[in-house]
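One file, coords-v2.cif, is given below (mmCIF, C-alpha atoms).
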```cif
data_data
#
loop_
_atom_site.label_atom_id
_atom_site.label_comp_id
_atom_site.auth_asym_id
_atom_site.auth_seq_id
_atom_site.Cartn_x
_atom_site.Cartn_y
_atom_site.Cartn_z
CA MET R 1 -113.86 -4.36 70.65
CA ARG R 2 -111.35 -3.34 67.97
CA THR R 3 -113.26 -0.13 67.36
CA ILE R 4 -113.28 0.91 71.00
CA LEU R 5 -109.63 0.00 71.49
CA THR R 6 -108.70 2.04 68.42
CA ILE R 7 -110.55 5.01 69.89
CA TYR R 8 -108.85 4.56 73.25
CA PHE R 9 -105.36 4.25 71.80
CA LEU R 10 -106.04 7.35 69.72
CA THR R 11 -107.24 9.34 72.73
CA LEU R 12 -104.25 8.14 74.76
CA SER R 13 -101.85 9.33 72.07
CA ILE R 14 -103.56 12.72 71.90
CA LYS R 15 -103.40 13.12 75.69
CA LEU R 16 -99.73 12.20 75.87
CA VAL R 17 -98.89 14.68 73.12
CA ALA R 18 -100.91 17.35 74.93
CA TYR R 19 -99.04 16.65 78.16
CA SER R 20 -95.65 16.79 76.44
CA PHE R 21 -96.52 20.25 75.08
CA SER R 22 -98.13 21.70 78.21
CA GLY R 23 -96.84 19.84 81.26
CA VAL R 24 -100.30 19.96 82.86
CA THR R 25 -100.48 17.14 85.41
CA ALA R 26 -104.25 16.84 85.01
CA VAL R 27 -103.71 15.94 81.35
CA LEU R 28 -101.20 13.27 82.40
CA ALA R 29 -103.71 11.95 84.94
CA ASP R 30 -106.31 11.83 82.18
CA ALA R 31 -103.86 9.89 80.01
CA LEU R 32 -103.24 7.43 82.84
CA HIS R 33 -106.99 7.01 83.12
CA SER R 34 -107.00 5.98 79.46
CA ILE R 35 -104.26 3.45 80.17
CA VAL R 36 -106.42 2.08 82.98
CA ASP R 37 -109.31 1.67 80.57
CA ILE R 38 -107.19 0.06 77.86
CA VAL R 39 -105.70 -2.49 80.27
CA LEU R 40 -109.14 -3.19 81.72
CA LEU R 41 -110.74 -3.77 78.33
CA ILE R 42 -107.93 -5.98 77.04
CA LEU R 43 -107.95 -8.13 80.17
CA LEU R 44 -111.73 -8.35 80.19
CA ALA R 45 -111.82 -9.32 76.53
CA THR R 46 -109.14 -11.95 77.14
CA ALA R 47 -110.90 -13.28 80.23
CA SER R 48 -114.22 -13.28 78.40
CA LYS R 49 -112.72 -15.40 75.65
CA ALA R 50 -111.12 -17.75 78.18
CA SER R 51 -114.41 -18.07 80.08
CA GLU R 52 -115.99 -19.65 77.01
CA ARG R 53 -113.82 -22.74 77.39
CA ARG R 54 -115.74 -25.92 77.95
CA ALA R 55 -116.11 -27.33 81.44
CA ASP R 56 -113.51 -29.86 82.54
CA ARG R 57 -112.83 -32.13 85.50
CA LEU R 58 -111.32 -29.35 87.57
CA HIS R 59 -114.00 -26.83 86.58
CA PRO R 60 -117.22 -28.83 86.12
CA MET R 61 -119.35 -25.68 86.07
CA GLY R 62 -117.25 -23.99 83.40
CA HIS R 63 -115.00 -20.94 83.51
CA GLY R 64 -117.62 -18.19 83.50
CA LEU R 65 -116.28 -16.43 86.61
CA LEU R 66 -112.92 -15.68 84.97
CA LYS R 67 -114.27 -12.31 83.82
CA ASN R 68 -115.26 -11.40 87.35
CA VAL R 69 -111.96 -12.54 88.85
CA ALA R 70 -110.06 -10.47 86.26
CA SER R 71 -112.19 -7.42 87.06
CA LEU R 72 -111.52 -7.87 90.78
CA ALA R 73 -107.77 -8.01 90.25
CA ILE R 74 -107.83 -4.93 88.03
CA SER R 75 -109.97 -2.90 90.41
CA VAL R 76 -107.74 -3.64 93.41
CA ALA R 77 -104.60 -2.78 91.45
CA PHE R 78 -105.99 0.54 90.25
CA ILE R 79 -107.30 1.55 93.68
CA THR R 80 -104.07 0.78 95.49
CA VAL R 81 -101.59 2.03 92.90
CA LEU R 82 -102.79 4.49 90.30
CA ALA R 83 -105.48 6.38 92.21
CA PHE R 84 -103.26 6.67 95.29
CA GLU R 85 -100.29 7.99 93.31
CA LEU R 86 -102.46 10.53 91.51
CA PHE R 87 -103.89 11.71 94.82
CA LYS R 88 -100.36 12.31 96.08
CA GLU R 89 -99.34 14.16 92.92
CA GLY R 90 -102.49 16.29 93.01
CA ILE R 91 -101.87 17.31 96.60
CA ASN R 92 -98.28 18.15 95.73
CA LYS R 93 -99.43 20.40 92.88
CA ILE R 94 -101.83 22.19 95.21
CA LEU R 95 -99.17 22.76 97.86
CA ASN R 96 -96.47 23.58 95.31
CA PRO R 97 -98.19 24.98 92.21
CA VAL R 98 -96.22 25.37 89.00
CA LYS R 99 -95.67 29.03 88.11
CA SER R 100 -96.48 28.75 84.40
CA TYR R 101 -97.59 26.26 81.76
CA PRO R 102 -96.74 26.52 78.05
CA ASN R 103 -99.02 25.74 75.10
CA LEU R 104 -102.26 25.59 77.07
CA GLU R 105 -104.22 26.09 73.86
CA VAL R 106 -102.75 22.84 72.51
CA ALA R 107 -103.76 21.00 75.68
CA LEU R 108 -107.27 22.46 75.59
CA PHE R 109 -107.84 21.64 71.92
CA SER R 110 -106.49 18.12 72.44
CA GLU R 111 -108.75 17.43 75.41
CA LEU R 112 -111.80 18.75 73.55
CA LEU R 113 -110.97 16.41 70.67
CA VAL R 114 -110.60 13.53 73.11
CA LEU R 115 -113.94 14.36 74.71
CA GLY R 116 -115.65 14.11 71.34
CA LEU R 117 -114.11 10.70 70.66
CA LEU R 118 -115.09 9.39 74.09
CA LEU R 119 -118.66 10.58 73.74
CA LEU R 120 -118.77 8.77 70.40
CA ALA R 121 -117.59 5.57 72.11
CA THR R 122 -120.25 6.01 74.81
CA VAL R 123 -123.00 6.35 72.20
CA LEU R 124 -121.76 3.30 70.28
CA TYR R 125 -122.08 1.06 73.36
CA TRP R 126 -125.00 2.77 75.09
CA ARG R 127 -127.52 -0.06 74.61
CA SER R 128 -125.07 -2.96 74.53
CA LYS R 129 -125.53 -5.94 76.84
CA GLY R 130 -123.03 -8.16 78.61
CA ILE R 131 -120.43 -7.35 81.23
CA VAL R 132 -117.72 -6.45 78.69
CA ASN R 133 -119.93 -4.14 76.64
CA ARG R 134 -121.42 -2.53 79.74
CA THR R 135 -117.92 -1.96 81.05
CA VAL R 136 -116.92 -0.32 77.75
CA MET R 137 -119.90 2.01 77.91
CA PHE R 138 -119.35 2.88 81.55
CA GLU R 139 -115.62 3.40 81.09
CA SER R 140 -116.17 5.67 78.10
CA PHE R 141 -118.62 7.78 80.08
CA ASN R 142 -116.35 7.82 83.12
CA ASP R 143 -113.34 8.75 81.00
CA SER R 144 -115.41 11.58 79.53
CA LEU R 145 -115.90 12.95 83.05
CA SER R 146 -112.15 12.65 83.61
CA THR R 147 -111.48 14.59 80.42
CA LEU R 148 -114.00 17.25 81.44
CA ALA R 149 -112.14 17.66 84.72
CA ALA R 150 -108.89 18.13 82.80
CA ILE R 151 -110.57 20.68 80.49
CA PHE R 152 -111.86 22.74 83.41
CA GLY R 153 -108.43 22.53 85.00
CA ILE R 154 -106.76 23.83 81.84
CA ILE R 155 -109.27 26.68 81.55
CA ALA R 156 -108.71 27.66 85.19
CA ILE R 157 -104.93 27.55 84.68
CA SER R 158 -105.24 29.79 81.62
CA PHE R 159 -106.84 32.40 83.90
CA GLY R 160 -103.89 32.21 86.27
CA HIS R 161 -105.32 29.75 88.81
CA ASN R 162 -102.50 27.20 88.58
CA ILE R 163 -103.65 25.45 91.74
CA PHE R 164 -106.43 23.90 89.66
CA ASP R 165 -103.91 21.58 88.03
CA GLY R 166 -103.69 19.76 91.35
CA ILE R 167 -107.43 20.01 91.97
CA ALA R 168 -108.26 18.53 88.57
CA THR R 169 -105.72 15.75 89.15
CA ILE R 170 -107.40 14.85 92.45
CA VAL R 171 -110.82 14.87 90.76
CA ILE R 172 -109.55 12.44 88.13
CA ALA R 173 -107.95 10.25 90.81
CA THR R 174 -111.29 10.22 92.63
CA LEU R 175 -113.10 9.13 89.46
CA ILE R 176 -110.62 6.28 88.98
CA ALA R 177 -111.02 5.22 92.62
CA ILE R 178 -114.83 5.34 92.47
CA ASN R 179 -114.84 3.35 89.26
CA SER R 180 -112.48 0.77 90.73
CA ILE R 181 -114.57 0.40 93.88
CA ARG R 182 -117.73 -0.02 91.79
CA LEU R 183 -115.99 -2.61 89.65
CA PHE R 184 -114.80 -4.44 92.76
CA PHE R 185 -118.20 -4.76 94.41
CA GLU R 186 -120.01 -5.52 91.15
CA ASN R 187 -117.80 -8.54 90.54
CA ALA R 188 -117.10 -9.64 94.12
CA ARG R 189 -120.74 -10.60 94.62
CA PHE R 190 -120.49 -13.16 91.83
CA VAL R 191 -117.20 -14.60 93.04
CA ILE R 192 -118.41 -15.14 96.62
CA GLY R 193 -121.52 -16.98 95.40
CA LEU R 194 -124.39 -14.73 94.34
CA SER R 195 -127.85 -16.25 94.34
CA PRO R 196 -130.74 -15.03 92.15
CA PRO R 197 -133.45 -12.91 93.80
CA GLU R 198 -136.37 -14.44 95.63
CA GLU R 199 -138.61 -13.88 92.61
CA PHE R 200 -136.56 -16.41 90.67
CA TYR R 201 -137.22 -19.14 93.24
CA SER R 202 -140.92 -18.33 93.33
CA GLU R 203 -141.19 -18.47 89.56
CA VAL R 204 -139.37 -21.82 89.40
CA GLU R 205 -141.58 -23.25 92.13
CA LYS R 206 -144.73 -22.02 90.42
CA PHE R 207 -143.60 -23.47 87.09
CA CYS R 208 -142.80 -26.88 88.60
CA ILE R 209 -146.16 -27.10 90.33
CA SER R 210 -147.87 -26.22 87.05
CA LYS R 211 -146.19 -29.32 85.59
CA GLY R 212 -147.75 -31.63 88.16
CA ILE R 213 -145.04 -31.58 90.84
CA LYS R 214 -146.56 -31.77 94.32
CA GLY R 215 -143.97 -29.52 95.92
CA VAL R 216 -140.51 -27.99 95.58
CA HIS R 217 -138.06 -27.54 98.44
CA ASP R 218 -134.38 -27.17 99.37
CA MET R 219 -133.78 -24.99 96.32
CA LEU R 220 -130.27 -23.65 95.85
CA ALA R 221 -129.28 -21.51 92.86
CA LEU R 222 -125.95 -19.82 92.19
CA TYR R 223 -124.65 -17.67 89.36
CA MET R 224 -121.84 -19.33 87.43
CA ASP R 225 -121.45 -16.04 85.57
CA GLU R 226 -123.75 -13.08 85.04
CA ASN R 227 -125.93 -14.99 82.55
CA SER R 228 -125.63 -18.55 83.83
CA ILE R 229 -127.33 -20.16 86.83
CA HIS R 230 -126.83 -23.58 88.41
CA LEU R 231 -130.01 -24.81 90.09
CA ASP R 232 -130.22 -27.62 92.62
CA MET R 233 -133.62 -28.58 94.03
CA HIS R 234 -135.74 -31.32 95.56
CA VAL R 235 -139.20 -32.08 94.20
CA THR R 236 -141.94 -33.97 96.01
CA VAL R 237 -143.57 -36.85 94.14
CA GLU R 238 -145.71 -39.88 94.95
CA LYS R 239 -143.99 -42.53 97.10
CA ASN R 240 -144.86 -45.36 94.74
CA MET R 241 -143.43 -43.74 91.58
CA SER R 242 -141.33 -46.19 89.57
CA VAL R 243 -137.69 -45.56 88.73
CA GLY R 244 -138.53 -45.31 85.05
CA ASP R 245 -141.24 -42.73 85.65
CA ALA R 246 -138.91 -40.81 87.96
CA ASP R 247 -136.17 -40.67 85.32
CA GLU R 248 -138.64 -39.49 82.70
CA LEU R 249 -140.01 -36.86 85.07
CA ILE R 250 -136.54 -35.47 85.84
CA GLU R 251 -135.54 -35.41 82.17
CA ASN R 252 -138.70 -33.63 81.05
CA LEU R 253 -138.66 -31.19 83.95
CA THR R 254 -135.02 -30.31 83.34
CA GLU R 255 -135.60 -29.61 79.66
CA GLU R 256 -138.71 -27.53 80.33
CA LEU R 257 -136.98 -25.52 83.06
CA LYS R 258 -134.14 -24.61 80.69
CA LYS R 259 -136.62 -23.54 78.03
CA LYS R 260 -138.65 -21.46 80.46
CA PHE R 261 -135.60 -19.93 82.17
CA PRO R 262 -132.77 -19.57 79.59
CA GLN R 263 -130.33 -18.40 82.27
CA ILE R 264 -130.49 -21.85 83.89
CA LYS R 265 -127.61 -23.80 82.37
CA HIS R 266 -127.30 -26.63 84.89
CA VAL R 267 -130.11 -28.35 86.82
CA SER R 268 -129.91 -31.03 89.50
CA VAL R 269 -133.29 -32.46 90.49
CA HIS R 270 -133.69 -34.79 93.48
CA LEU R 271 -136.91 -36.75 93.97
CA CYS R 272 -138.37 -37.34 97.41
CA SER R 273 -141.72 -38.02 99.03
CA HIS R 274 -141.62 -35.39 101.77
CA PHE R 275 -142.02 -31.62 101.84
CA GLY R 276 -139.61 -29.02 103.17
CA ASP R 277 -138.52 -25.39 103.17
CA LYS R 278 -138.35 -23.75 99.75
CA ARG R 279 -134.82 -22.37 100.09
CA LYS R 280 -131.69 -24.22 101.14
CA ILE R 281 -129.22 -22.01 102.98
CA TYR R 282 -126.15 -23.52 104.58
#
```
So, in terms of structure tokens, how does the structure I just supplied come out?
Amino acid sequence: MRTILTIYFLTLSIKLVAYSFSGVTAVLADALHSIVDIVLLILLATASKASERRADRLHPMGHGLLKNVASLAISVAFITVLAFELFKEGINKILNPVKSYPNLEVALFSELLVLGLLLLATVLYWRSKGIVNRTVMFESFNDSLSTLAAIFGIIAISFGHNIFDGIATIVIATLIAINSIRLFFENARFVIGLSPPEEFYSEVEKFCISKGIKGVHDMLALYMDENSIHLDMHVTVEKNMSVGDADELIENLTEELKKKFPQIKHVSVHLCSHFGDKRKIY
């Protein structure tokens, strides 16, 4: 995380210097996009660290969803504030284009340098796993697109098409909005109670039956975070099973389920003598 933040702070500094020399709004928009990414990564890293706290009485399932809640808050803030303001500024630049821009070569060189750094960051995190690392990779790629838009805007301005400052600004605002919307929906599904796909339930049922369970029903599984599932289920056993045998069965089944399905972190098994529907949906 330190490496990527160093790259982002460096690119932000370069963009701000380029804007101070040229006054190109698209470069400023690109710099604001970097600020968005820096804030996002810092908050995600902080939330990710906080989510590792042990479960307590108020949060018996842990704090895994903190990362998703933080991402939701960030996405809403960026959609409603930054993207909207950039849209307004871009439209203003189209309707009232600036007559001339100084030091465009400085702005162009700076943005090309930034693009190289961002592509490096994208490559570094290309195959990384986890919500934070995936976000870093996606943000680096998305920021690269933003920088490309600024570069094309600068080139168009250098040929006398000053209206492209506003157009490039709107393109960057659109990229920020799209990214924020994606971030919102990606995390909202976990917060509102995302269940694993049907294949997960079928695999669990098949595994339990292979261990001598007569049937599995009223299964309910929810993600506690992107890599953690809480599973609640009823299993059908013989009516005359003793309490001791039942306890041993539950203990063994729970351990074997966690070994077979590493994403299952919590399991609640209820014994009964009847059969029922596989899924439990309230």
Restrict the calculation to all atoms listed in the file, then for each residue of stretch 14-53 of chain R with any atom at most 9 Å from an atom of stretch 83-99 of chain R give the closest atom pair and their distance in Å to one decimal, rows by chain and rising residue number, as a Markdown table.
```
| residue | atom | partner | partner_atom | distance |
| --- | --- | --- | --- | --- |
| R:Thr25 | CA | R:Gly90 | CA | 7.9 |
| R:Ala26 | CA | R:Gly90 | CA | 8.2 |
| R:Ala29 | CA | R:Leu86 | CA | 6.8 |
```
Smallest atom-to-atom distance to R:His230: which of R:Val17, R:Val191, R:Met61, R:Ile157, using all atoms listed in the file?
->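 Under the stated criterion, the closest residue is R:Met61.
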Pick out the residues sitting within 7 Å of R:Val171, and hand them over as an NGL selection string; count all atoms listed in the file, and ignore anything fewer than 4 positions along from it in its own chain.
-> :R and (149 or 167 or 175)
Give me the residues of stretch 32-122 of chain R that have any atom at most 12 Å from an atom of stretch 213-225 of chain R; for each, the nearest atom pair and the distance in Å, rounded to one decimal. Use all atoms listed in the file, sort by chain and number, and format it as a Markdown table.
```
| residue | atom | partner | partner_atom | distance |
| --- | --- | --- | --- | --- |
| R:Ser48 | CA | R:Asp225 | CA | 10.5 |
| R:Ser51 | CA | R:Asp225 | CA | 9.2 |
| R:Glu52 | CA | R:Asp225 | CA | 10.8 |
| R:Ala55 | CA | R:Met224 | CA | 11.5 |
| R:His59 | CA | R:Met224 | CA | 10.9 |
| R:Pro60 | CA | R:Met224 | CA | 10.6 |
| R:Met61 | CA | R:Met224 | CA | 7.0 |
| R:Gly62 | CA | R:Met224 | CA | 7.7 |
| R:His63 | CA | R:Met224 | CA | 8.0 |
| R:Gly64 | CA | R:Asp225 | CA | 4.9 |
| R:Leu65 | CA | R:Asp225 | CA | 5.3 |
| R:Leu66 | CA | R:Asp225 | CA | 8.6 |
| R:Lys67 | CA | R:Asp225 | CA | 8.3 |
| R:Asn68 | CA | R:Asp225 | CA | 7.9 |
| R:Val69 | CA | R:Asp225 | CA | 10.6 |
```
Expanded to explicit residues, what is the PyMOL selection byres ((chain R and resi 16) around 12) for this file, as an MDAnalysis selection string?
-> chainID R and resid 9:15 17:35 106:107 110:111 114
Quick one: residues within 9 Å of stretch 179-186 of chain R, only C-alpha atoms counted, chain neighbours fewer than 3 positions away excluded, as a short mmCIF file (atom, residue, chain, number, x, y, z; two decimals) with C-alpha atoms, keeping the file's coordinate frame?
```cif
data_model
loop_
_atom_site.label_atom_id
_atom_site.label_comp_id
_atom_site.auth_asym_id
_atom_site.auth_seq_id
_atom_site.Cartn_x
_atom_site.Cartn_y
_atom_site.Cartn_z
CA ASN R 68 -115.26 -11.40 87.35
CA SER R 71 -112.19 -7.42 87.06
CA LEU R 72 -111.52 -7.87 90.78
CA ALA R 73 -107.77 -8.01 90.25
CA ILE R 74 -107.83 -4.93 88.03
CA SER R 75 -109.97 -2.90 90.41
CA VAL R 76 -107.74 -3.64 93.41
CA ALA R 77 -104.60 -2.78 91.45
CA PHE R 78 -105.99 0.54 90.25
CA ILE R 79 -107.30 1.55 93.68
CA THR R 135 -117.92 -1.96 81.05
CA PHE R 138 -119.35 2.88 81.55
CA GLU R 139 -115.62 3.40 81.09
CA ASN R 142 -116.35 7.82 83.12
CA THR R 174 -111.29 10.22 92.63
CA LEU R 175 -113.10 9.13 89.46
CA ILE R 176 -110.62 6.28 88.98
CA ARG R 189 -120.74 -10.60 94.62
CA PHE R 190 -120.49 -13.16 91.83
#
```
Of the residues R:Glu248, R:Asp232, R:Glu226, R:Asp143, which is the one nearest to R:Ser268, using all atoms listed in the file?
->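 Among R:Glu248, R:Asp232, R:Glu226, R:Asp143, it is R:Asp232 that comes nearest to R:Ser268.
With all atoms listed in the file as the basis for measurement, R:Leu271 is the residue among R:Leu271, R:Ile163, R:Leu40, R:Ile264 that approaches R:Asp245 most closely.
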Pull out every residue that the PyMOL selection byres ((chain R and resi 2) around 12) matches in the shown coordinates and put them as a count of residues only.
-> 14
Rank nothing, just name the residue among R:Ala70, R:Ala150, R:Ala177, R:Leu120 nearest to R:Ala50, using all atoms listed in the file.
->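 Comparing R:Ala70, R:Ala150, R:Ala177, R:Leu120 against R:Ala50, the winner is R:Ala70.
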